[in-house]
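*Asks:* I am sharing data16.txt, which consists of compact mmCIF, C-alpha atoms:
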# COMPACT_ATOMS: atom_id res chain seq x y z
CA MET A 219 108.80 118.23 116.90
CA ALA A 220 112.58 118.15 116.90
CA ASP A 221 114.41 115.91 114.45
CA ARG A 222 113.98 112.26 115.36
CA VAL A 223 117.53 111.49 114.22
CA THR A 224 119.09 113.72 116.84
CA THR A 225 116.55 113.32 119.66
CA ILE A 226 115.84 109.91 121.12
CA THR A 227 113.05 109.35 123.65
CA THR A 228 113.05 105.81 125.01
CA GLY A 229 110.24 104.72 127.29
CA ALA A 230 109.36 101.52 129.12
CA ALA A 231 106.10 100.71 130.92
CA VAL A 232 105.46 97.99 133.52
CA SER A 233 102.31 97.32 135.57
CA HIS A 234 101.51 94.69 138.20
CA VAL A 235 98.30 93.88 140.07
CA GLY A 236 100.13 93.85 143.42
CA ARG A 237 100.16 91.37 146.29
CA VAL A 238 96.53 91.77 147.45
CA ARG A 239 94.29 93.07 144.67
CA THR A 240 92.55 90.66 142.30
CA ASN A 241 92.29 93.12 139.40
CA ASN A 242 94.51 95.88 138.06
CA GLN A 243 92.84 99.30 138.17
CA ASP A 244 95.97 101.04 136.92
CA SER A 245 96.51 101.88 133.26
CA GLY A 246 99.63 103.10 131.53
CA TYR A 247 100.91 104.07 128.11
CA SER A 248 104.42 104.53 126.73
CA GLY A 249 104.51 105.90 123.21
CA ALA A 250 106.65 107.81 120.74
CA ALA A 251 106.48 111.07 122.69
CA LEU A 252 103.54 110.60 125.09
CA PHE A 253 103.67 108.83 128.46
CA VAL A 254 100.66 108.38 130.78
CA VAL A 255 99.89 106.73 134.11
CA ALA A 256 96.34 106.51 135.49
CA ASP A 257 95.23 104.97 138.78
CA GLY A 258 91.52 104.12 138.87
CA MET A 259 89.15 104.22 141.83
CA GLY A 260 85.57 103.14 142.37
CA GLY A 261 85.49 99.45 143.19
CA HIS A 262 86.16 96.23 141.31
CA ALA A 263 84.11 97.23 138.24
CA GLY A 264 84.80 100.94 138.27
CA GLY A 265 88.41 102.01 138.67
CA ASP A 266 89.74 99.83 135.88
CA VAL A 267 87.10 101.20 133.50
CA ALA A 268 87.86 104.84 134.42
CA SER A 269 91.65 104.51 134.04
CA ALA A 270 91.32 102.64 130.74
CA ILE A 271 88.95 105.28 129.33
CA ALA A 272 91.31 108.07 130.36
CA VAL A 273 94.49 106.51 128.97
CA ARG A 274 92.94 105.41 125.69
CA ARG A 275 91.46 108.88 125.17
CA ILE A 276 94.71 110.68 126.00
CA LEU A 277 96.94 108.43 123.88
CA GLU A 278 95.26 109.86 120.77
CA THR A 279 97.49 112.91 121.23
CA ASP A 280 100.53 110.70 120.51
CA ARG A 281 99.48 110.79 116.85
CA LEU A 282 99.97 114.57 116.75
CA GLU A 283 103.13 116.52 116.09
CA PHE A 284 103.22 119.78 118.03
CA ALA A 285 104.80 123.00 116.85
CA SER A 286 105.37 124.14 120.44
CA PRO A 287 105.10 122.88 124.04
CA GLN A 288 102.14 125.23 124.49
CA GLU A 289 100.20 123.38 121.79
CA ALA A 290 100.95 120.11 123.56
CA GLU A 291 99.83 121.65 126.85
CA PHE A 292 96.47 122.64 125.39
CA ALA A 293 96.06 119.26 123.68
CA LEU A 294 96.77 117.33 126.90
CA GLN A 295 94.36 119.42 128.92
CA SER A 296 91.69 119.09 126.23
CA ALA A 297 92.17 115.31 126.08
CA MET A 298 91.90 114.97 129.85
CA THR A 299 88.75 117.10 129.90
CA ALA A 300 87.30 114.94 127.13
CA ALA A 301 88.21 111.82 129.12
CA ASN A 302 86.42 113.25 132.15
CA ARG A 303 83.31 113.81 130.01
CA GLU A 304 83.54 110.27 128.60
CA ILE A 305 83.75 108.80 132.10
CA SER A 306 80.66 110.81 133.12
CA ASP A 307 78.78 109.62 130.02
CA THR A 308 79.71 106.04 130.84
CA VAL A 309 78.24 106.42 134.33
CA VAL A 310 74.99 107.70 132.81
CA GLU A 311 74.83 104.57 130.65
CA ARG A 312 76.01 102.27 133.45
CA PRO A 313 74.67 103.61 136.79
CA GLU A 314 76.37 100.78 138.69
CA LEU A 315 79.69 102.55 137.96
CA THR A 316 78.63 105.73 139.77
CA GLY A 317 81.54 107.25 141.68
CA MET A 318 84.30 105.82 139.52
CA GLY A 319 87.25 108.05 138.76
CA THR A 320 90.94 108.06 138.01
CA THR A 321 94.13 109.98 138.61
CA VAL A 322 96.21 110.93 135.57
CA SER A 323 99.81 112.00 135.16
CA ALA A 324 100.81 112.60 131.54
CA MET A 325 103.93 113.88 129.82
CA VAL A 326 104.70 114.78 126.20
CA ARG A 327 108.16 115.53 124.83
CA VAL A 328 108.35 118.45 122.40
CA GLY A 329 111.93 119.09 121.30
CA ASP A 330 114.02 120.08 124.33
CA ALA A 331 110.97 120.52 126.58
CA VAL A 332 108.34 118.35 128.19
CA THR A 333 104.72 119.30 128.77
CA ILE A 334 103.03 117.85 131.85
CA ALA A 335 99.35 117.51 132.78
CA HIS A 336 98.37 116.09 136.15
CA ILE A 337 95.44 115.43 138.46
CA GLY A 338 95.33 113.19 141.54
CA ASP A 339 98.17 111.45 143.39
CA SER A 340 100.03 109.58 140.68
CA ARG A 341 103.44 111.22 140.33
CA ILE A 342 106.12 112.34 137.92
CA TYR A 343 109.77 112.40 139.02
CA LEU A 344 112.92 113.70 137.32
CA LEU A 345 116.40 112.27 137.82
CA ARG A 346 119.05 114.76 136.70
CA ASP A 347 122.73 114.82 137.65
CA GLY A 348 122.17 112.39 140.49
CA GLU A 349 119.31 114.39 142.05
CA LEU A 350 115.71 113.11 142.20
CA SER A 351 112.90 115.70 142.17
CA GLN A 352 109.15 115.19 142.50
CA ILE A 353 107.67 117.33 139.72
CA THR A 354 103.93 116.97 140.37
CA ASN A 355 101.99 117.90 143.48
CA ASP A 356 99.63 115.37 145.09
CA HIS A 357 95.96 116.39 145.15
CA THR A 358 95.28 114.57 148.40
CA PHE A 359 93.80 115.37 151.78
CA VAL A 360 97.10 114.86 153.61
CA GLN A 361 98.98 117.09 151.15
CA ARG A 362 96.44 119.77 152.00
CA LEU A 363 97.24 119.23 155.68
CA VAL A 364 100.95 119.59 154.93
CA GLU A 365 100.40 122.79 152.94
CA THR A 366 98.36 124.30 155.77
CA GLY A 367 101.00 123.35 158.35
CA ARG A 368 98.83 120.84 160.24
CA ILE A 369 101.21 117.91 159.75
CA THR A 370 104.77 117.36 158.50
CA PRO A 371 105.68 115.55 155.26
CA GLU A 372 106.99 112.68 157.40
CA GLU A 373 103.62 112.40 159.15
CA ALA A 374 101.84 112.57 155.79
CA ALA A 375 103.75 109.49 154.58
CA VAL A 376 102.12 107.30 157.27
CA HIS A 377 98.83 109.15 157.69
CA PRO A 378 95.84 106.73 157.70
CA ARG A 379 93.97 108.93 155.19
CA ARG A 380 96.85 109.61 152.83
CA SER A 381 94.89 108.11 149.92
CA VAL A 382 91.87 110.43 150.22
CA LEU A 383 91.82 112.30 146.91
CA MET A 384 90.66 115.87 146.47
CA ARG A 385 90.81 115.98 142.66
CA VAL A 386 90.32 113.24 140.04
CA LEU A 387 88.80 112.71 136.63
CA GLY A 388 85.35 111.20 137.10
CA ASP A 389 81.62 111.75 137.32
CA ILE A 390 81.93 114.04 140.36
CA ASP A 391 83.13 117.24 138.71
CA GLN A 392 82.24 118.27 135.16
CA THR A 393 85.06 120.86 135.06
CA PRO A 394 88.02 119.29 136.87
CA GLU A 395 91.04 121.47 137.66
CA ILE A 396 94.09 120.06 135.87
CA ASP A 397 97.62 121.18 136.69
CA THR A 398 99.78 121.81 133.63
CA SER A 399 103.39 122.91 133.25
CA ILE A 400 106.20 123.12 130.70
CA LEU A 401 109.73 122.20 131.76
CA GLY A 402 113.04 122.03 129.96
CA THR A 403 114.80 118.71 129.59
CA VAL A 404 118.43 117.95 128.78
CA PRO A 405 120.28 114.93 127.39
CA GLY A 406 120.72 112.29 130.07
CA ASP A 407 117.52 113.13 131.96
CA ARG A 408 115.55 110.15 133.22
CA TRP A 409 111.86 110.78 133.94
CA MET A 410 109.62 108.44 135.89
CA LEU A 411 105.82 108.32 136.06
CA CYS A 412 104.17 106.07 138.64
CA SER A 413 100.96 105.27 140.46
CA ASP A 414 100.86 105.51 144.25
CA GLY A 415 101.39 101.75 144.37
CA LEU A 416 105.07 102.60 143.99
CA SER A 417 105.42 105.94 145.81
CA SER A 418 103.50 104.69 148.87
CA TYR A 419 105.71 101.63 149.40
CA VAL A 420 109.14 102.57 148.05
CA SER A 421 111.03 105.51 149.53
CA GLU A 422 112.46 108.25 147.35
CA GLU A 423 115.95 107.16 148.43
CA ARG A 424 115.32 103.68 147.03
CA ILE A 425 113.70 105.13 143.88
CA LEU A 426 116.83 107.23 143.33
CA VAL A 427 119.11 104.20 143.70
CA ALA A 428 116.99 102.10 141.30
CA LEU A 429 116.83 104.82 138.64
CA GLU A 430 120.55 105.60 138.87
CA GLY A 431 121.68 102.00 138.81
CA ALA A 432 119.63 100.68 135.88
CA PRO A 433 121.34 100.83 132.46
CA THR A 434 118.07 101.06 130.47
CA ALA A 435 114.58 102.44 130.98
CA ALA A 436 113.15 98.91 130.90
CA ASP A 437 115.58 97.72 133.59
CA ALA A 438 114.66 100.70 135.77
CA ALA A 439 110.90 100.15 135.39
CA ASN A 440 111.13 96.42 136.11
CA GLY A 441 113.43 97.01 139.06
CA LEU A 442 111.11 99.56 140.68
CA VAL A 443 108.03 97.34 140.31
CA GLY A 444 110.01 94.45 141.74
CA GLU A 445 111.07 96.54 144.74
CA ALA A 446 107.45 97.57 145.39
CA LEU A 447 106.42 93.91 145.35
CA ASP A 448 109.28 93.00 147.68
CA ASN A 449 107.89 95.60 150.11
CA GLY A 450 104.49 93.92 150.10
CA ALA A 451 102.74 96.33 147.66
CA PRO A 452 99.07 95.55 148.39
CA ASP A 453 98.01 98.04 145.71
CA ASN A 454 98.43 97.94 141.94
CA VAL A 455 101.78 99.37 140.89
CA THR A 456 102.57 100.95 137.53
CA VAL A 457 105.88 102.52 136.49
CA ILE A 458 106.94 104.24 133.27
CA VAL A 459 110.57 105.28 132.83
CA VAL A 460 111.56 107.67 130.05
CA ASP A 461 115.14 108.36 128.93
CA ILE A 462 115.97 111.60 127.13
CA ASP A 463 118.87 111.36 124.64
CA ARG A 464 120.57 109.08 127.13
CA PRO A 465 123.89 107.48 126.10
CA GLY A 466 123.29 103.88 125.14
CA SER A 467 119.56 104.39 124.46
CA ALA A 468 118.12 102.34 121.64
CA THR A 469 116.28 103.88 118.76
CA ALA A 470 112.85 105.10 119.86
CA PRO A 471 110.19 102.43 119.36
CA SER A 472 107.88 102.88 116.38
CA GLY A 473 104.72 101.98 118.26
CA GLY A 474 103.13 102.44 121.67
CA ARG A 475 102.64 100.08 124.58
CA LEU A 476 99.63 99.90 126.87
CA VAL A 477 99.81 98.24 130.29
CA GLY A 478 97.32 97.56 133.07
CA SER A 479 93.56 97.61 132.56
CA ALA A 480 93.87 99.54 129.28
CA ALA A 481 96.17 96.95 127.69
CA LEU A 482 93.64 94.60 126.07
CA GLY A 483 96.44 92.76 124.33
CA GLY A 484 99.29 95.10 125.13
CA GLU A 485 100.64 96.56 121.88
CA LEU A 486 99.18 99.41 119.85
CA ASP A 487 99.91 100.04 116.19
CA LEU A 488 100.97 103.70 116.34
CA PRO A 489 103.76 104.05 113.76
CA ALA A 490 105.86 107.17 113.97
CA THR A 491 105.06 107.94 110.33
CA GLY A 492 101.42 108.21 111.28
CA ARG A 493 101.96 111.28 113.46
CA GLN A 494 99.96 114.28 112.32
CA HIS A 495 100.56 117.98 112.78
CA ALA A 496 98.46 119.42 115.59
CA ARG A 497 96.02 122.03 114.40
CA LEU A 498 95.13 124.24 117.32
CA PRO A 499 94.42 127.71 115.90
CA ALA A 500 92.28 128.56 118.91
CA LEU A 501 95.16 128.07 121.34
CA LEU A 502 95.45 131.76 122.18
CA LEU A 503 91.70 131.87 122.81
CA HIS A 504 91.94 129.08 125.37
CA PRO A 505 94.49 130.08 128.02
CA ILE A 506 95.81 127.11 129.92
CA ARG A 507 95.01 127.19 133.63
CA THR A 508 98.21 126.37 135.45
CA SER A 509 97.14 127.56 138.89
CA MET A 510 96.17 125.09 141.58
CA PRO A 511 92.87 126.29 143.03
CA GLU A 512 91.27 124.69 146.03
CA ALA A 513 89.13 121.70 145.14
CA SER A 514 86.24 119.97 146.80
CA PHE A 515 86.42 116.44 148.17
CA GLN A 516 84.06 113.81 149.46
CA PRO A 517 83.22 114.11 153.18
CA GLU A 518 84.41 111.45 155.59
CA SER A 519 83.25 110.64 159.09
CA GLU A 520 86.54 111.33 160.87
CA ASP A 521 86.76 114.43 163.05
CA TYR A 522 89.78 115.88 161.30
CA LEU A 523 88.13 115.59 157.89
CA ASP A 524 84.95 117.14 159.26
CA ALA A 525 87.08 119.94 160.70
CA LEU A 526 88.60 120.66 157.30
CA ILE A 527 85.16 120.70 155.69
CA ARG A 528 83.97 123.15 158.36
CA GLU A 529 87.09 125.23 157.70
CA ASP A 530 86.28 125.34 153.98
CA ARG A 531 82.74 126.38 154.77
CA ARG A 532 83.99 129.11 157.10
CA ARG A 533 86.33 130.30 154.35
CA LEU A 534 83.38 130.42 151.95
CA TRP A 535 81.33 132.41 154.45
CA ARG A 536 84.28 134.75 155.06
CA ARG A 537 84.52 135.37 151.33
CA ARG A 538 80.79 136.04 151.16
CA LEU A 539 80.90 138.34 154.19
CA THR A 540 83.89 140.17 152.71
CA TRP A 541 82.00 140.64 149.47
CA LEU A 542 78.87 141.80 151.29
CA GLY A 543 80.99 144.15 153.41
CA ALA A 544 82.58 145.63 150.30
CA VAL A 545 79.14 146.12 148.73
CA ALA A 546 77.86 147.71 151.95
CA LEU A 547 80.85 150.07 152.06
CA LEU A 548 80.30 151.03 148.43
CA LEU A 549 76.61 151.67 149.01
CA GLY A 550 77.47 153.64 152.14
CA ALA A 551 79.95 155.75 150.23
CA VAL A 552 77.37 156.42 147.51
CA ALA A 553 74.76 157.31 150.11
CA LEU A 554 77.19 159.61 151.93
CA ALA A 555 78.16 161.33 148.69
CA ALA A 556 74.49 161.78 147.82
CA PHE A 557 73.74 163.20 151.28
CA VAL A 558 76.68 165.63 151.16
CA GLY A 559 75.71 166.68 147.65
CA TYR A 560 72.11 167.24 148.68
CA ARG A 561 73.14 169.27 151.71
CA TYR A 562 75.26 171.47 149.46
CA THR A 563 72.33 172.13 147.11
CA GLN A 564 70.31 173.36 150.08
CA THR A 565 72.79 176.18 150.65
CA ARG A 566 71.77 177.65 147.29
CA PHE A 567 68.70 179.82 146.48
CA TYR A 568 67.10 181.17 143.33
CA VAL A 569 64.21 183.40 142.27
CA GLY A 570 61.69 182.12 139.77
CA PHE A 571 57.96 181.85 139.07
CA ASP A 572 55.57 179.68 141.04
CA GLY A 573 52.63 179.77 138.69
CA ASP A 574 52.17 183.48 137.85
CA ARG A 575 53.83 184.83 140.98
CA VAL A 576 57.44 185.51 141.78
CA ALA A 577 58.79 183.09 144.39
CA VAL A 578 61.97 182.34 146.30
CA PHE A 579 63.26 178.75 146.06
CA GLN A 580 65.84 176.90 148.18
CA GLY A 581 68.10 174.41 146.35
CA VAL A 582 69.03 174.04 142.69
CA GLN A 583 66.85 173.70 139.62
CA ASN A 584 67.59 169.99 139.05
CA SER A 585 66.13 166.63 139.97
CA ILE A 586 67.38 163.06 140.31
CA GLY A 587 64.62 160.84 139.03
CA PRO A 588 61.52 161.71 141.04
CA LEU A 589 63.58 163.58 143.65
CA ARG A 590 63.48 167.38 143.25
CA LEU A 591 66.48 169.29 144.61
CA SER A 592 64.57 172.50 145.40
CA HIS A 593 61.44 173.70 147.18
CA VAL A 594 59.54 176.96 147.57
CA VAL A 595 60.55 179.14 150.52
CA ARG A 596 58.18 182.04 149.90
CA VAL A 597 55.67 183.06 147.26
CA THR A 598 55.42 186.83 146.86
CA ASP A 599 52.40 188.89 145.76
CA LEU A 600 54.33 190.14 142.73
CA GLU A 601 52.55 189.05 139.54
CA ARG A 602 54.28 188.03 136.33
CA SER A 603 52.23 190.56 134.33
CA ALA A 604 53.47 193.47 136.50
CA LEU A 605 57.10 192.94 135.49
CA SER A 606 58.93 194.57 132.63
CA PRO A 607 59.68 192.23 129.70
CA PHE A 608 63.41 192.15 130.59
CA THR A 609 62.84 191.35 134.30
CA ARG A 610 60.15 188.83 133.40
CA SER A 611 62.50 186.92 131.07
CA GLN A 612 65.29 186.89 133.66
CA ILE A 613 63.06 185.49 136.40
CA ALA A 614 61.57 182.99 133.97
CA GLU A 615 65.09 181.63 133.42
CA THR A 616 65.64 181.88 137.24
CA ILE A 617 68.18 184.02 139.04
CA SER A 618 70.57 182.01 141.24
CA THR A 619 71.92 183.39 144.52
CA SER A 620 74.18 182.13 147.25
CA SER A 621 71.92 183.10 150.18
CA LEU A 622 68.31 183.77 151.17
CA ALA A 623 69.11 187.45 151.77
CA ALA A 624 70.46 187.80 148.24
CA ALA A 625 67.31 186.16 146.84
CA GLU A 626 65.10 188.58 148.80
CA SER A 627 67.16 191.45 147.40
CA VAL A 628 66.40 190.23 143.86
CA VAL A 629 62.70 190.21 144.68
CA GLU A 630 62.89 193.79 146.02
CA ASN A 631 64.65 194.94 142.86
CA ALA A 632 61.93 193.33 140.77
CA LYS A 633 59.28 195.17 142.75
CA SER A 634 61.10 198.45 142.17
CA ASP A 635 61.34 197.67 138.47
CA SER A 636 57.57 197.08 138.36
CA GLY A 637 56.87 200.33 140.19
CA GLY A 638 55.58 198.46 143.20
Here is a file; write its structure as structure tokens.

*Replies:*
Amino acid sequence: MADRVTTITTGAAVSHVGRVRTNNQDSGYSGAALFVVADGMGGHAGGDVASAIAVRRILETDRLEFASPQEAEFALQSAMTAANREISDTVVERPELTGMGTTVSAMVRVGDAVTIAHIGDSRIYLLRDGELSQITNDHTFVQRLVETGRITPEEAAVHPRRSVLMRVLGDIDQTPEIDTSILGTVPGDRWMLCSDGLSSYVSEERILVALEGAPTAADAANGLVGEALDNGAPDNVTVIVVDIDRPGSATAPSGGRLVGSAALGGELDLPATGRQHARLPALLLHPIRTSMPEASFQPESEDYLDALIREDRRRLWRRRLTWLGAVALLLGAVALAAFVGYRYTQTRFYVGFDGDRVAVFQGVQNSIGPLRLSHVVRVTDLERSALSPFTRSQIAETISTSSLAAAESVVENAKSDSGG
């Protein structure tokens, strides 16, 4: 990574159970270069376990020092995939946790860039030059409705099913699709990671004001959590604020801080001197998937959700029909080419032997598998033994002609040669 003397990354993490919940299913981590927010789902004894597993698995990458943002990208995706597998294994051991899962939004600083990995509806924002931008895309049902033009973003904000997730880490999908990206960062940038306990109850206008007005990352994180609670925040709320080479920032902390269900005492002993160089020689053999393919989601009873499921099924059938149509067209083209080719062969004739007699054949002297491309038109009474050696050898090798009349002329010449 870049020189720690000249680059300062200061992070602060705060998590609160909220006004209604009795347990905190969020987990968060603020480290030397890694920052993660996870929002668990799956009931009282499920979501907290899933988010804690994910964060504690991913924070292991904070011990690594990456030579490039691409190495960090691969490491984050690998860690999230490993966390998904660990959650699935936990469900096998503890069947009562079936269905648990978690969102994850993670960010690693590598020099003057940040690498992001994301799944679910936790979010990452960037405040730069007074402008707030949402960097990640929600993997939710209502976001899908917005993208397909069914509802507006304003309608999505108050939609009754805005929390229905289409992609998470969990025991549902063994190969979850994880969005990754690499973005540049400049001195003075302030990044913010949060669970939907903040973004669902505090507007982006208020988030902008809180991030701009706070002198430190810790002040900003505490202020945002406080504003969510003031707005009633029934859900858990977790906020991590990260300052990049910001004037007035303190020296980067030497350890990491866990919050929420993963905390188990809060502080982690992750000294900066313990960071290790990442060894990822297979990076080029494992291209990072940065596309955002369509994902499956759990069916609901509401008509609009059923309609979207039916639409997905129709899309699948359309893809299958398109594929079958393409195959049918290809087979048709092959069949047509074969038919045209066969018809052409039947315009040709040749003279050869059928047994010991001279015969006229229609077609060409070839076959395709068991299919012969010629047949006998007429067998003459001219014997092989009656021909001169020269004529006999020519007919044995066959004499091709372009018409039946020409083939008959060859036969007549052979008869004359034999004295017949």

*Asks:* Work out how far apart atom CA of Gly431 of chain A and atom CA of Ala451 of chain A are and give it in Å to one decimal.

*Replies:*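 Rounded to one decimal, the two atoms are 21.7 Å apart.
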
*Asks:* Enclose segment 445-454 of chain A, meaning all of its atoms listed in the file, in a box aligned along x, y and z, pad it by 4 Å on each side, and list the centre and edge lengths in Å to one decimal, as JSON.

*Replies:*
{"center_x": 104.5, "center_y": 95.5, "center_z": 146.0, "size_x": 21.1, "size_y": 13.0, "size_z": 16.2}

*Asks:* Report the distance between atom CA of Asp307 of chain A and atom CA of Arg274 of chain A in Å, rounded to one decimal place.

*Replies:* 15.4 Å

*Asks:* Mind giving me the straight-line distance from atom CA of Ala290 of chain A to atom CA of Arg327 of chain A in Å, one decimal?

*Replies:*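 We find that atom CA of Ala290 of chain A and atom CA of Arg327 of chain A lie 8.6 Å from each other.
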
*Asks:* Which residue gives the smallest distance to Arg561 of chain A among A:Ser418, A:Thr240, A:Ser351, A:Gln580, with only C-alpha atoms counted?

*Replies:*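 Among the listed residues, the smallest separation from Arg561 of chain A belongs to A:Gln580.
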
*Asks:* Considering all atoms listed in the file, return as a list in words whatever protein or nucleic-acid residues lie within 7 Å of Gly402 of chain A, sequence-local ones (same chain, fewer than 5 positions apart) excluded.

*Replies:* Asp330, Ala331 and Val332 of chain A

*Asks:* In terms of the shortest atom-to-atom distance over only C-alpha atoms, which of A:Thr366, A:Asn440, A:Thr316, A:Thr227 is closest to Gly249 of chain A?

*Replies:*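 Looking at the shortest contact to Gly249 of chain A, the residue is A:Thr227.
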
*Asks:* Could you pull the residues within 6 Å of segment 319-326 of chain A, counting only C-alpha atoms, minus those fewer than 5 positions along the same chain, as a list in words?

*Replies:*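 Final neighbour list, sorted by chain and number: Ala251, Leu252, Phe253, Val254, Val255, Ala256, Asp257, Gly258, Met259, Ala268, Ser269, Val332, Thr333, Ile334, Ala335, His336, Ile337, Gly338, Val386, Leu387 and Gly388 of chain A.
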
*Asks:* For Gly444 of chain A, which of A:Ala432, A:Val569, A:Leu416, A:Ala614 is the closest residue, counting only C-alpha atoms?

*Replies:*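 Between A:Ala432, A:Val569, A:Leu416, A:Ala614, the residue approaching Gly444 of chain A most closely is A:Leu416.
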
*Asks:* Choose the residue, out of A:Ala293, A:Val427, A:Asn302, A:Thr456, that has the smallest atom-to-atom separation from Gly236 of chain A; count all atoms listed in the file.

*Replies:* A:Thr456

*Asks:* Would you fill out segment 559-580 of chain A with N, CA and C atoms and return it as an mmCIF file, in the frame of the given file?

*Replies:*
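Here's the written file rebuild-v5.cif:
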data_model
loop_
_atom_site.group_PDB
_atom_site.id
_atom_site.type_symbol
_atom_site.label_atom_id
_atom_site.label_comp_id
_atom_site.auth_asym_id
_atom_site.auth_seq_id
_atom_site.Cartn_x
_atom_site.Cartn_y
_atom_site.Cartn_z
ATOM 1 N N GLY A 559 76.097 165.893 148.817
ATOM 2 C CA GLY A 559 75.710 166.680 147.650
ATOM 3 C C GLY A 559 74.381 167.369 147.842
ATOM 4 N N TYR A 560 73.424 166.636 148.437
ATOM 5 C CA TYR A 560 72.110 167.240 148.680
ATOM 6 C C TYR A 560 72.209 168.389 149.669
ATOM 7 N N ARG A 561 72.983 168.198 150.718
ATOM 8 C CA ARG A 561 73.140 169.270 151.710
ATOM 9 C C ARG A 561 73.737 170.517 151.061
ATOM 10 N N TYR A 562 74.670 170.308 150.134
ATOM 11 C CA TYR A 562 75.260 171.470 149.460
ATOM 12 C C TYR A 562 74.205 172.201 148.635
ATOM 13 N N THR A 563 73.346 171.456 147.931
ATOM 14 C CA THR A 563 72.330 172.130 147.110
ATOM 15 C C THR A 563 71.405 172.987 147.956
ATOM 16 N N GLN A 564 71.236 172.606 149.224
ATOM 17 C CA GLN A 564 70.310 173.360 150.080
ATOM 18 C C GLN A 564 70.941 174.644 150.636
ATOM 19 N N THR A 565 72.179 174.898 150.288
ATOM 20 C CA THR A 565 72.790 176.180 150.650
ATOM 21 C C THR A 565 72.591 177.212 149.535
ATOM 22 N N ARG A 566 71.993 176.777 148.425
ATOM 23 C CA ARG A 566 71.770 177.650 147.290
ATOM 24 C C ARG A 566 70.303 178.106 147.232
ATOM 25 N N PHE A 567 70.056 179.278 146.638
ATOM 26 C CA PHE A 567 68.700 179.820 146.480
ATOM 27 C C PHE A 567 68.576 180.386 145.080
ATOM 28 N N TYR A 568 67.329 180.499 144.609
ATOM 29 C CA TYR A 568 67.100 181.170 143.330
ATOM 30 C C TYR A 568 65.685 181.766 143.324
ATOM 31 N N VAL A 569 65.504 182.740 142.435
ATOM 32 C CA VAL A 569 64.210 183.400 142.270
ATOM 33 C C VAL A 569 63.625 182.967 140.938
ATOM 34 N N GLY A 570 62.368 182.548 140.980
ATOM 35 C CA GLY A 570 61.690 182.120 139.770
ATOM 36 C C GLY A 570 60.193 182.311 139.914
ATOM 37 N N PHE A 571 59.425 181.759 139.017
ATOM 38 C CA PHE A 571 57.960 181.850 139.070
ATOM 39 C C PHE A 571 57.365 180.575 139.656
ATOM 40 N N ASP A 572 56.409 180.781 140.557
ATOM 41 C CA ASP A 572 55.570 179.680 141.040
ATOM 42 C C ASP A 572 54.171 179.984 140.510
ATOM 43 N N GLY A 573 53.841 179.355 139.396
ATOM 44 C CA GLY A 573 52.630 179.770 138.690
ATOM 45 C C GLY A 573 52.858 181.122 138.040
ATOM 46 N N ASP A 574 52.032 182.129 138.397
ATOM 47 C CA ASP A 574 52.170 183.480 137.850
ATOM 48 C C ASP A 574 52.780 184.440 138.853
ATOM 49 N N ARG A 575 53.261 183.949 139.973
ATOM 50 C CA ARG A 575 53.830 184.830 140.980
ATOM 51 C C ARG A 575 55.325 184.570 141.163
ATOM 52 N N VAL A 576 56.015 185.631 141.486
ATOM 53 C CA VAL A 576 57.440 185.510 141.780
ATOM 54 C C VAL A 576 57.608 184.794 143.115
ATOM 55 N N ALA A 577 58.579 183.854 143.171
ATOM 56 C CA ALA A 577 58.790 183.090 144.390
ATOM 57 C C ALA A 577 60.286 182.908 144.644
ATOM 58 N N VAL A 578 60.598 182.647 145.906
ATOM 59 C CA VAL A 578 61.970 182.340 146.300
ATOM 60 C C VAL A 578 62.065 180.830 146.556
ATOM 61 N N PHE A 579 63.064 180.192 145.933
ATOM 62 C CA PHE A 579 63.260 178.750 146.060
ATOM 63 C C PHE A 579 64.581 178.465 146.775
ATOM 64 N N GLN A 580 64.589 177.391 147.566
ATOM 65 C CA GLN A 580 65.840 176.900 148.180
ATOM 66 C C GLN A 580 66.275 175.640 147.441
#
